[in-house]
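*Asks:* What follows is the file protein.txt, containing compact mmCIF, C-alpha atoms and all ligand atoms:
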# COMPACT_ATOMS: atom_id res chain seq x y z
CA MET A 1 -1.07 0.85 26.63
CA THR A 2 1.28 3.69 25.64
CA LYS A 3 0.99 7.05 27.36
CA ALA A 4 -0.23 9.83 24.99
CA SER A 5 2.57 12.37 24.52
CA LYS A 6 1.80 15.95 25.51
CA PRO A 7 1.55 18.50 22.70
CA ALA A 8 4.75 20.54 22.38
CA LYS A 9 4.72 24.07 23.82
CA LEU A 10 5.40 27.13 21.70
CA ASP A 11 9.10 27.97 21.89
CA GLN A 12 9.16 31.71 22.52
CA VAL A 13 12.64 32.18 21.05
CA GLY A 14 11.51 30.48 17.83
CA ALA A 15 8.23 32.43 17.80
CA ASP A 16 10.14 35.73 18.15
CA ALA A 17 12.48 34.87 15.27
CA VAL A 18 10.20 36.47 12.65
CA ASP A 19 12.97 38.64 11.22
CA ALA A 20 15.41 35.72 11.01
CA ALA A 21 12.80 33.65 9.18
CA ARG A 22 11.98 36.48 6.76
CA GLN A 23 15.68 37.11 6.13
CA ALA A 24 16.24 33.44 5.27
CA LEU A 25 13.25 33.55 2.93
CA LEU A 26 14.49 36.69 1.15
CA GLU A 27 17.74 34.91 0.33
CA LEU A 28 15.70 32.55 -1.88
CA VAL A 29 12.83 34.60 -3.30
CA PRO A 30 12.46 38.23 -4.45
CA ALA A 31 11.23 40.67 -1.77
CA GLY A 32 8.25 41.56 -3.96
CA ASP A 33 6.93 38.00 -3.60
CA VAL A 34 6.85 38.06 0.21
CA GLY A 35 3.95 39.70 2.07
CA GLU A 36 2.97 40.12 5.72
CA HIS A 37 3.73 37.66 8.52
CA LEU A 38 0.58 35.51 8.89
CA GLY A 39 1.40 33.60 12.05
CA VAL A 40 3.47 30.92 13.71
CA ASP A 41 2.68 27.23 14.23
CA VAL A 42 4.23 24.76 16.66
CA GLU A 43 5.82 21.82 14.87
CA GLY A 44 7.49 20.10 17.82
CA LYS A 45 9.70 20.74 20.80
CA LYS A 46 11.62 23.96 20.02
CA VAL A 47 10.53 23.78 16.38
CA VAL A 48 8.13 26.36 14.89
CA THR A 49 7.00 27.40 11.43
CA HIS A 50 6.51 31.04 10.45
CA ARG A 51 4.03 31.71 7.65
CA PHE A 52 4.36 34.69 5.29
CA ALA A 53 1.85 35.69 2.60
CA CYS A 54 2.92 34.92 -0.95
CA THR A 55 2.28 37.90 -3.24
CA GLN A 56 3.54 36.21 -6.40
CA THR A 57 1.11 36.46 -9.33
CA GLY A 58 -0.96 33.28 -9.73
CA TYR A 59 -0.41 32.13 -6.13
CA ARG A 60 -3.45 33.66 -4.41
CA GLY A 61 -4.05 31.84 -1.10
CA TRP A 62 -0.53 30.34 -0.92
CA SER A 63 1.96 31.17 1.83
CA TRP A 64 5.67 30.76 2.44
CA SER A 65 6.45 28.47 5.37
CA VAL A 66 9.79 28.90 7.09
CA THR A 67 10.52 26.30 9.76
CA VAL A 68 13.08 27.20 12.40
CA ALA A 69 14.45 25.10 15.25
CA ARG A 70 16.49 25.80 18.37
CA ALA A 71 18.94 23.40 19.93
CA PRO A 72 18.72 22.92 23.75
CA LYS A 73 20.37 25.71 25.71
CA GLN A 74 20.88 27.84 22.55
CA LYS A 75 19.52 31.37 22.19
CA THR A 76 19.41 31.50 18.41
CA VAL A 77 17.47 29.51 15.83
CA THR A 78 18.55 27.76 12.67
CA VAL A 79 16.44 27.49 9.52
CA ASP A 80 15.27 23.96 8.75
CA GLU A 81 13.08 24.29 5.71
CA ILE A 82 11.46 26.86 3.41
CA VAL A 83 8.49 25.82 1.29
CA LEU A 84 5.54 27.37 -0.51
CA LEU A 85 2.28 25.79 0.69
CA PRO A 86 -1.39 26.21 -0.28
CA ASP A 87 -3.80 27.58 2.35
CA GLU A 88 -7.49 26.76 2.50
CA ASP A 89 -8.57 29.23 -0.20
CA ALA A 90 -5.64 28.52 -2.54
CA VAL A 91 -6.38 27.81 -6.17
CA LEU A 92 -5.27 24.20 -6.69
CA ALA A 93 -5.31 21.76 -9.56
CA PRO A 94 -8.05 19.11 -9.23
CA GLU A 95 -6.96 15.86 -7.59
CA TRP A 96 -5.09 13.69 -10.09
CA VAL A 97 -7.02 10.64 -11.23
CA PRO A 98 -5.11 7.87 -13.07
CA TYR A 99 -5.93 7.58 -16.78
CA LYS A 100 -7.37 4.11 -16.24
CA GLU A 101 -10.01 5.49 -13.86
CA ARG A 102 -10.73 8.55 -15.98
CA ILE A 103 -11.55 6.81 -19.22
CA ARG A 104 -15.24 6.62 -20.11
CA PRO A 105 -17.16 4.66 -22.74
CA GLY A 106 -16.91 6.54 -26.01
CA ASP A 107 -13.47 8.04 -25.25
CA LEU A 108 -11.63 5.74 -27.67
CA SER A 109 -10.77 7.25 -31.05
CA PRO A 110 -9.61 5.32 -34.13
CA GLY A 111 -6.04 4.10 -33.52
CA ASP A 112 -6.23 4.37 -29.69
CA LEU A 113 -5.27 1.28 -27.67
CA LEU A 114 -6.72 0.33 -24.29
CA PRO A 115 -4.92 -2.85 -23.15
CA THR A 116 -6.73 -5.03 -20.61
CA GLU A 117 -4.56 -6.03 -17.68
CA ASP A 118 -3.61 -9.67 -17.12
CA ASP A 119 -5.46 -9.78 -13.79
CA ASP A 120 -8.65 -8.04 -14.98
CA ASP A 121 -11.37 -9.87 -13.05
CA ARG A 122 -13.86 -9.49 -15.92
CA LEU A 123 -11.93 -12.17 -17.79
CA VAL A 124 -10.78 -15.73 -17.12
CA PRO A 125 -8.63 -18.11 -19.22
CA SER A 126 -10.60 -20.07 -21.81
CA PHE A 127 -8.87 -23.33 -20.82
CA THR A 128 -7.78 -24.90 -17.52
CA GLY A 129 -4.10 -24.87 -16.65
CA ALA A 130 -3.47 -21.46 -18.24
CA ASP A 131 -2.28 -20.16 -14.84
CA GLU A 132 0.56 -22.69 -14.86
CA LEU A 133 2.07 -21.50 -18.14
CA PRO A 134 5.53 -19.97 -17.56
CA ASP A 135 4.66 -16.95 -19.71
CA PRO A 136 1.05 -15.57 -19.73
CA ARG A 137 1.53 -14.61 -23.41
CA GLU A 138 1.72 -18.33 -24.19
CA ALA A 139 -2.03 -18.56 -23.49
CA LYS A 140 -2.82 -17.02 -26.86
CA ARG A 141 -0.76 -19.63 -28.72
CA VAL A 142 -2.22 -22.53 -26.70
CA ALA A 143 -5.78 -21.28 -27.29
CA GLU A 144 -5.10 -21.12 -31.01
CA GLU A 145 -3.62 -24.64 -31.04
CA LEU A 146 -6.59 -26.01 -29.14
CA GLY A 147 -8.93 -24.30 -31.60
CA LEU A 148 -10.56 -22.20 -28.87
CA GLY A 149 -9.98 -18.96 -30.71
CA ARG A 150 -9.75 -16.78 -27.59
CA PRO A 151 -7.23 -17.05 -24.75
CA ARG A 152 -9.69 -15.42 -22.32
CA VAL A 153 -13.46 -15.30 -21.99
CA LEU A 154 -15.90 -13.39 -19.76
CA SER A 155 -15.78 -14.40 -16.12
CA VAL A 156 -18.95 -14.71 -14.05
CA GLU A 157 -18.18 -11.25 -12.59
CA GLY A 158 -17.66 -9.78 -16.04
CA ARG A 159 -20.89 -11.30 -17.33
CA GLU A 160 -22.93 -10.18 -14.33
CA ALA A 161 -21.55 -6.65 -14.52
CA ALA A 162 -22.40 -6.40 -18.23
CA ALA A 163 -25.91 -7.75 -17.66
CA GLN A 164 -26.55 -5.30 -14.84
CA ARG A 165 -25.19 -2.37 -16.90
CA TRP A 166 -27.35 -3.25 -19.88
CA TYR A 167 -30.43 -3.87 -17.77
CA ASP A 168 -30.11 -0.56 -15.88
CA GLY A 169 -29.38 1.49 -19.00
CA ASP A 170 -31.39 2.91 -21.90
CA HIS A 171 -32.08 -0.55 -23.30
CA GLY A 172 -33.63 -2.05 -20.19
CA PRO A 173 -37.21 -2.10 -18.85
CA GLU A 174 -36.96 1.22 -16.99
CA ALA A 175 -36.13 3.31 -20.07
CA PRO A 176 -38.91 5.83 -20.90
CA LEU A 177 -39.22 4.22 -24.36
CA ALA A 178 -39.96 0.85 -22.73
CA GLN A 179 -42.35 2.29 -20.17
CA SER A 180 -44.73 3.50 -22.90
CA ALA A 181 -44.19 0.58 -25.32
CA PRO A 182 -47.24 -1.40 -26.46
CA ALA A 183 -45.44 -4.71 -25.79
CA ALA A 184 -42.06 -6.12 -24.74
CA CYS A 185 -39.17 -7.09 -27.03
CA VAL A 186 -39.63 -10.76 -26.11
CA THR A 187 -42.75 -10.86 -28.32
CA CYS A 188 -41.32 -8.70 -31.13
CA GLY A 189 -40.48 -10.22 -34.48
CA PHE A 190 -37.46 -7.94 -34.82
CA LEU A 191 -35.69 -9.45 -31.79
CA VAL A 192 -32.62 -11.55 -32.65
CA LYS A 193 -31.95 -14.11 -29.95
CA LEU A 194 -28.50 -14.53 -28.39
CA ALA A 195 -26.77 -17.76 -27.43
CA GLY A 196 -25.29 -18.56 -24.04
CA PRO A 197 -26.25 -17.47 -20.52
CA LEU A 198 -27.00 -13.83 -21.46
CA SER A 199 -29.73 -15.07 -23.83
CA GLN A 200 -31.99 -15.61 -20.81
CA ALA A 201 -32.45 -11.89 -20.42
CA PHE A 202 -31.20 -10.18 -23.61
CA GLY A 203 -31.43 -10.15 -27.39
CA VAL A 204 -30.49 -7.77 -30.19
CA CYS A 205 -32.94 -5.40 -31.87
CA ALA A 206 -32.92 -5.64 -35.67
CA ASN A 207 -35.59 -3.10 -36.56
CA ALA A 208 -34.03 -0.47 -38.86
CA PHE A 209 -36.61 2.10 -37.72
CA ALA A 210 -36.24 1.49 -33.99
CA ASN A 211 -33.97 3.61 -31.77
CA ASP A 212 -32.36 0.39 -30.51
CA ASP A 213 -31.50 -1.07 -33.92
CA GLY A 214 -28.27 -3.08 -33.60
CA ARG A 215 -28.20 -2.83 -29.79
CA VAL A 216 -28.56 -5.37 -27.03
CA VAL A 217 -32.00 -4.98 -25.43
CA SER A 218 -33.46 -6.71 -22.41
CA LEU A 219 -36.36 -9.04 -23.15
CA ASP A 220 -38.63 -6.80 -21.07
CA HIS A 221 -37.55 -3.65 -22.90
CA GLY A 222 -39.82 -2.47 -25.68
CA CYS A 223 -40.67 0.39 -28.01
CA GLY A 224 -43.38 1.73 -30.25
CA ALA A 225 -41.82 0.06 -33.29
CA HIS A 226 -42.76 -3.40 -31.94
CA SER A 227 -43.61 -5.69 -34.85
CA GLU A 228 -47.18 -6.18 -33.61
CA ALA A 229 -47.89 -2.59 -32.62
CA GLN A 230 -51.32 -1.43 -33.85
CA LEU A 231 -52.85 2.02 -33.91
CA SER A 232 -55.97 2.38 -31.77
CA LYS A 233 -59.25 3.46 -33.38
CA LYS A 234 -58.68 7.01 -32.15
CA GLN A 235 -55.23 7.10 -33.75
CA LEU A 236 -56.38 5.80 -37.16
CA PRO A 237 -56.75 8.45 -39.91
CA ARG A 238 -60.37 9.61 -40.42
CA PRO A 239 -62.01 7.88 -43.40
CA LEU A 240 -62.47 10.04 -46.52
CA PRO A 241 -66.01 11.18 -47.44
CA GLU A 242 -67.84 9.64 -50.42
CA PRO A 243 -66.69 11.20 -53.70
CA ALA A 244 -69.08 13.84 -55.16
CA LEU A 245 -69.76 13.69 -58.93
CA ASP A 246 -69.87 16.94 -60.84
CA ALA A 247 -73.03 16.47 -63.03
CA ILE A 248 -72.90 19.80 -64.93
CA ARG A 249 -72.65 19.25 -68.70
CA ARG A 250 -71.20 21.48 -71.38
CA GLU A 251 -74.72 22.15 -72.75
CA ASP A 252 -75.83 23.36 -69.30
CA LEU A 253 -72.98 25.91 -69.34
CA GLU A 254 -73.84 27.22 -72.78
CA LEU A 255 -77.36 28.19 -71.53
CA PHE A 256 -75.86 31.01 -69.45
S1 LIG B 1 -38.37 -2.96 -32.42
FE1 LIG B 1 -38.66 -2.24 -30.33
S2 LIG B 1 -39.84 -3.91 -29.39
FE2 LIG B 1 -38.92 -4.76 -31.24
S3 LIG B 1 -36.97 -5.66 -30.59
FE3 LIG B 1 -36.54 -3.57 -31.25
S4 LIG B 1 -36.67 -2.40 -29.36
FE4 LIG B 1 -37.68 -4.33 -28.96
Turn this file's structure into structure tokens for me.

*Replies:*
Amino acid sequence: MTKASKPAKLDQVGADAVDAARQALLELVPAGDVGEHLGVDVEGKKVVTHRFACTQTGYRGWSWSVTVARAPKQKTVTVDEIVLLPDEDAVLAPEWVPYKERIRPGDLSPGDLLPTEDDDDRLVPSFTGADELPDPREAKRVAEELGLGRPRVLSVEGREAAAQRWYDGDHGPEAPLAQSAPAACVTCGFLVKLAGPLSQAFGVCANAFANDDGRVVSLDHGCGAHSEAQLSKKQLPRPLPEPALDAIRREDLELF
């Protein structure tokens, strides 16, 4: 077990060197950009950092940091480093997020490209042995030659993620539209069935008047445009009264 090292003590000579630190700072930045001395921090043995307010426009909450050090048995300090650093209330740019993590569904415009990486775990090669090809781009040619059409297909992870996304979204059973539907999509004549494993839980709505027309819907989704939806007696329009015949004749009018 290693012994924890003691925190370094404040070097008084370094701490007193406020003027030397300010002087070094003024050699780099205009005097109008340097404000009051804010304090001194211990950096290590005989190494301290003096902080000065930054009064430069647009840098509210930032401070100049001037680090000075003293060699053993010396009575003067030397300047190590001068930097401008943000304090707690500094105005900072939001944390940078890579483009790949920022992109959201619907962000693509016509002409934009969003390449899928070779190791994207939502996809797997459509034929065995693809991993042994010397060049991954060869997979496309081999898939074409074998008549497979696609070099990669959905992996189990990719399929499960899509199913979960669809099921939890606006086209699943929890959507408000489905909650008040008279019946589920599975019994609707407008449901187009899918092929493959996803067909066990999903189909496509083909009702031009439904909100979900052209979208994948879960079999337990539903909406008021269900093919067998019927109006209840209360919702039916009231029947019209019997027609009344006007029996007054022309002769009757002439009597007046
Ligand atoms: S019309 Fe409604 S119930 Fe029928 S498939 Fe489309 S969403 Fe489902």

*Asks:* Return the single residue from A:Arg150, A:Arg215, A:Arg102, A:Lys45 that is closest to ligand LIG 1 (chain B), with distances computed using all atoms listed in the file.

*Replies:* A:Arg215

*Asks:* My list of candidates is A:Phe190, A:Leu253, A:Leu240, A:Leu231. Which is closest to ligand LIG 1 (chain B) when distances are computed with all atoms listed in the file?

*Replies:*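 Among the listed residues, the smallest separation from ligand LIG 1 (chain B) belongs to A:Phe190.
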
*Asks:* Would you list the residues that come within 9 Å of ligand LIG 1 (chain B)? Count only C-alpha atoms and all ligand atoms and give the answer as JSON, numbers by chain.

*Replies:* {"A": [171, 177, 178, 181, 182, 183, 184, 185, 186, 187, 188, 189, 190, 191, 192, 203, 204, 205, 206, 207, 208, 209, 210, 211, 212, 213, 214, 215, 216, 217, 218, 219, 220, 221, 222, 223, 224, 225, 226, 227, 228, 229]}

*Asks:* Measuring between all atoms listed in the file, which one of A:Gln230, A:Gln235, A:Ser180, A:Gln12 shows the shortest distance to Lys75 of chain A?

*Replies:*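 Checking each candidate against Lys75 of chain A, we get A:Gln12 as the closest.
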
*Asks:* With all atoms listed in the file as the basis for distance, which of A:Gly35, A:Pro197, A:Pro173, A:Pro105 is at the shortest distance from Val156 of chain A?

*Replies:*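 Once distances to Val156 of chain A are computed over all atoms listed in the file, the minimum belongs to A:Pro197.
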
*Asks:* If I take atom CA of Pro110 of chain A and atom CA of Asp168 of chain A, how far is one from the other in Å, to one decimal?

*Replies:*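 According to the coordinates, atom CA of Pro110 of chain A and atom CA of Asp168 of chain A are separated by 28.1 Å.
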
*Asks:* Given the point (1.1, -13.7, -18.9) in the file's coordinates, find the residues that have an atom at most 12 Å from it, counting all atoms listed in the file, and give them as a VMD selection string.

*Replies:* chain A and resid 116 to 120 125 130 to 141 151 to 152

*Asks:* Can you measure atom CA of Val13 of chain A to atom CA of Gln56 of chain A for me? One decimal in Å is fine.

*Replies:*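 Computed distance, atom CA of Val13 of chain A to atom CA of Gln56 of chain A, equals 29.2 Å.
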
*Asks:* Quick one: everything within 12 Å of segment 91-97 of chain A, counting only C-alpha atoms, minus sequence neighbours fewer than 3 positions away in the same chain. Send it as a compact mmCIF listing (two decimals) with C-alpha atoms, in the frame of the given file.

*Replies:*
# COMPACT_ATOMS: atom_id res chain seq x y z
CA THR A 57 1.11 36.46 -9.33
CA GLY A 58 -0.96 33.28 -9.73
CA TYR A 59 -0.41 32.13 -6.13
CA ARG A 60 -3.45 33.66 -4.41
CA GLY A 61 -4.05 31.84 -1.10
CA TRP A 62 -0.53 30.34 -0.92
CA LEU A 85 2.28 25.79 0.69
CA PRO A 86 -1.39 26.21 -0.28
CA ASP A 87 -3.80 27.58 2.35
CA GLU A 88 -7.49 26.76 2.50
CA LYS A 100 -7.37 4.11 -16.24
CA GLU A 101 -10.01 5.49 -13.86
CA ARG A 102 -10.73 8.55 -15.98
CA ILE A 103 -11.55 6.81 -19.22

*Asks:* Rounded to one decimal place, report the atom CA of Ala201 of chain A-atom CA of Val153 of chain A distance in Å.

*Replies:*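 Computing the Euclidean distance for atom CA of Ala201 of chain A and atom CA of Val153 of chain A yields 19.4 Å.
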
*Asks:* Nearest residue to Thr67 of chain A out of A:Tyr99, A:Trp166, A:Phe52, A:Phe127, using all atoms listed in the file?

*Replies:*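 Nearest to Thr67 of chain A: A:Phe52.
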
*Asks:* Around (2.0, 29.1, 6.7) in the file's frame, which residues reach within 10 Å when counting all atoms listed in the file? Return as a PyMOL selection string?

*Replies:* chain A and resi 37-41+49-54+62-67+83-87

*Asks:* Near Val79 of chain A, within 7 Å and counting all atoms listed in the file, which residues show up once chain neighbours fewer than 2 positions away are dropped, as number ranges by chain?

*Replies:* A: 67-69, 77, 81

*Asks:* How would segment 142-174 of chain A look written as a PDB file, in the first residue's frame with N, CA and C atoms?

*Replies:*
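File produced: decode23.pdb:
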ATOM      1  N   VAL A 142     -20.050  -9.480 -53.700  1.00  0.00           N
ATOM      2  CA  VAL A 142     -20.364 -10.894 -53.471  1.00  0.00           C
ATOM      3  C   VAL A 142     -21.873 -11.081 -53.299  1.00  0.00           C
ATOM      4  N   ALA A 143     -22.506 -10.163 -52.549  1.00  0.00           N
ATOM      5  CA  ALA A 143     -23.956 -10.276 -52.340  1.00  0.00           C
ATOM      6  C   ALA A 143     -24.694 -10.178 -53.668  1.00  0.00           C
ATOM      7  N   GLU A 144     -24.210  -9.302 -54.541  1.00  0.00           N
ATOM      8  CA  GLU A 144     -24.854  -9.177 -55.854  1.00  0.00           C
ATOM      9  C   GLU A 144     -24.676 -10.458 -56.655  1.00  0.00           C
ATOM     10  N   GLU A 145     -23.458 -11.011 -56.629  1.00  0.00           N
ATOM     11  CA  GLU A 145     -23.182 -12.235 -57.401  1.00  0.00           C
ATOM     12  C   GLU A 145     -23.996 -13.414 -56.897  1.00  0.00           C
ATOM     13  N   LEU A 146     -24.209 -13.444 -55.582  1.00  0.00           N
ATOM     14  CA  LEU A 146     -24.993 -14.549 -55.011  1.00  0.00           C
ATOM     15  C   LEU A 146     -26.489 -14.324 -55.168  1.00  0.00           C
ATOM     16  N   GLY A 147     -26.844 -13.141 -55.666  1.00  0.00           N
ATOM     17  CA  GLY A 147     -28.274 -12.840 -55.863  1.00  0.00           C
ATOM     18  C   GLY A 147     -28.992 -12.487 -54.577  1.00  0.00           C
ATOM     19  N   LEU A 148     -28.227 -12.091 -53.546  1.00  0.00           N
ATOM     20  CA  LEU A 148     -28.852 -11.750 -52.258  1.00  0.00           C
ATOM     21  C   LEU A 148     -29.421 -10.336 -52.259  1.00  0.00           C
ATOM     22  N   GLY A 149     -28.872  -9.507 -53.112  1.00  0.00           N
ATOM     23  CA  GLY A 149     -29.378  -8.137 -53.208  1.00  0.00           C
ATOM     24  C   GLY A 149     -28.753  -7.194 -52.206  1.00  0.00           C
ATOM     25  N   ARG A 150     -28.630  -7.610 -50.933  1.00  0.00           N
ATOM     26  CA  ARG A 150     -28.114  -6.694 -49.908  1.00  0.00           C
ATOM     27  C   ARG A 150     -26.891  -7.302 -49.231  1.00  0.00           C
ATOM     28  N   PRO A 151     -25.821  -6.521 -49.081  1.00  0.00           N
ATOM     29  CA  PRO A 151     -24.650  -7.075 -48.380  1.00  0.00           C
ATOM     30  C   PRO A 151     -24.888  -7.236 -46.886  1.00  0.00           C
ATOM     31  N   ARG A 152     -25.786  -6.415 -46.304  1.00  0.00           N
ATOM     32  CA  ARG A 152     -26.061  -6.536 -44.870  1.00  0.00           C
ATOM     33  C   ARG A 152     -27.571  -6.543 -44.630  1.00  0.00           C
ATOM     34  N   VAL A 153     -27.957  -7.200 -43.547  1.00  0.00           N
ATOM     35  CA  VAL A 153     -29.374  -7.233 -43.163  1.00  0.00           C
ATOM     36  C   VAL A 153     -29.468  -6.901 -41.666  1.00  0.00           C
ATOM     37  N   LEU A 154     -30.687  -6.704 -41.177  1.00  0.00           N
ATOM     38  CA  LEU A 154     -30.872  -6.374 -39.759  1.00  0.00           C
ATOM     39  C   LEU A 154     -30.349  -7.497 -38.874  1.00  0.00           C
ATOM     40  N   SER A 155     -29.634  -7.116 -37.846  1.00  0.00           N
ATOM     41  CA  SER A 155     -29.200  -8.108 -36.851  1.00  0.00           C
ATOM     42  C   SER A 155     -30.354  -8.315 -35.871  1.00  0.00           C
ATOM     43  N   VAL A 156     -30.187  -9.277 -34.971  1.00  0.00           N
ATOM     44  CA  VAL A 156     -31.219  -9.487 -33.946  1.00  0.00           C
ATOM     45  C   VAL A 156     -31.362  -8.211 -33.115  1.00  0.00           C
ATOM     46  N   GLU A 157     -30.207  -7.583 -32.771  1.00  0.00           N
ATOM     47  CA  GLU A 157     -30.254  -6.347 -31.969  1.00  0.00           C
ATOM     48  C   GLU A 157     -30.996  -5.245 -32.720  1.00  0.00           C
ATOM     49  N   GLY A 158     -30.690  -5.137 -34.007  1.00  0.00           N
ATOM     50  CA  GLY A 158     -31.319  -4.088 -34.812  1.00  0.00           C
ATOM     51  C   GLY A 158     -32.819  -4.307 -34.915  1.00  0.00           C
ATOM     52  N   ARG A 159     -33.213  -5.577 -35.062  1.00  0.00           N
ATOM     53  CA  ARG A 159     -34.635  -5.888 -35.203  1.00  0.00           C
ATOM     54  C   ARG A 159     -35.367  -5.652 -33.878  1.00  0.00           C
ATOM     55  N   GLU A 160     -34.729  -6.060 -32.779  1.00  0.00           N
ATOM     56  CA  GLU A 160     -35.384  -5.874 -31.479  1.00  0.00           C
ATOM     57  C   GLU A 160     -35.511  -4.396 -31.132  1.00  0.00           C
ATOM     58  N   ALA A 161     -34.481  -3.630 -31.474  1.00  0.00           N
ATOM     59  CA  ALA A 161     -34.535  -2.188 -31.170  1.00  0.00           C
ATOM     60  C   ALA A 161     -35.649  -1.521 -31.977  1.00  0.00           C
ATOM     61  N   ALA A 162     -35.785  -1.899 -33.246  1.00  0.00           N
ATOM     62  CA  ALA A 162     -36.835  -1.307 -34.084  1.00  0.00           C
ATOM     63  C   ALA A 162     -38.208  -1.684 -33.535  1.00  0.00           C
ATOM     64  N   ALA A 163     -38.364  -2.955 -33.184  1.00  0.00           N
ATOM     65  CA  ALA A 163     -39.667  -3.416 -32.677  1.00  0.00           C
ATOM     66  C   ALA A 163     -40.036  -2.666 -31.398  1.00  0.00           C
ATOM     67  N   GLN A 164     -39.061  -2.502 -30.512  1.00  0.00           N
ATOM     68  CA  GLN A 164     -39.343  -1.810 -29.250  1.00  0.00           C
ATOM     69  C   GLN A 164     -39.708  -0.348 -29.505  1.00  0.00           C
ATOM     70  N   ARG A 165     -38.967   0.289 -30.422  1.00  0.00           N
ATOM     71  CA  ARG A 165     -39.215   1.703 -30.760  1.00  0.00           C
ATOM     72  C   ARG A 165     -40.626   1.875 -31.330  1.00  0.00           C
ATOM     73  N   TRP A 166     -40.982   0.989 -32.243  1.00  0.00           N
ATOM     74  CA  TRP A 166     -42.305   1.090 -32.866  1.00  0.00           C
ATOM     75  C   TRP A 166     -43.411   0.834 -31.834  1.00  0.00           C
ATOM     76  N   TYR A 167     -43.161  -0.178 -30.997  1.00  0.00           N
ATOM     77  CA  TYR A 167     -44.195  -0.572 -30.041  1.00  0.00           C
ATOM     78  C   TYR A 167     -44.433   0.520 -28.997  1.00  0.00           C
ATOM     79  N   ASP A 168     -43.325   1.213 -28.594  1.00  0.00           N
ATOM     80  CA  ASP A 168     -43.452   2.242 -27.558  1.00  0.00           C
ATOM     81  C   ASP A 168     -43.928   3.582 -28.116  1.00  0.00           C
ATOM     82  N   GLY A 169     -43.945   3.726 -29.426  1.00  0.00           N
ATOM     83  CA  GLY A 169     -44.244   5.032 -30.023  1.00  0.00           C
ATOM     84  C   GLY A 169     -45.729   5.267 -30.266  1.00  0.00           C
ATOM     85  N   ASP A 170     -45.995   6.206 -31.187  1.00  0.00           N
ATOM     86  CA  ASP A 170     -47.377   6.622 -31.465  1.00  0.00           C
ATOM     87  C   ASP A 170     -48.185   5.583 -32.234  1.00  0.00           C
ATOM     88  N   HIS A 171     -47.529   4.494 -32.643  1.00  0.00           N
ATOM     89  CA  HIS A 171     -48.246   3.488 -33.428  1.00  0.00           C
ATOM     90  C   HIS A 171     -48.346   2.163 -32.676  1.00  0.00           C
ATOM     91  N   GLY A 172     -48.155   2.265 -31.351  1.00  0.00           N
ATOM     92  CA  GLY A 172     -48.260   1.072 -30.512  1.00  0.00           C
ATOM     93  C   GLY A 172     -49.544   1.094 -29.691  1.00  0.00           C
ATOM     94  N   PRO A 173     -49.699   0.151 -28.775  1.00  0.00           N
ATOM     95  CA  PRO A 173     -50.965   0.021 -28.027  1.00  0.00           C
ATOM     96  C   PRO A 173     -51.206   1.124 -26.998  1.00  0.00           C
ATOM     97  N   GLU A 174     -50.127   1.824 -26.595  1.00  0.00           N
ATOM     98  CA  GLU A 174     -50.309   2.836 -25.542  1.00  0.00           C
ATOM     99  C   GLU A 174     -50.660   4.206 -26.097  1.00  0.00           C
TER     100      GLU A 174
END
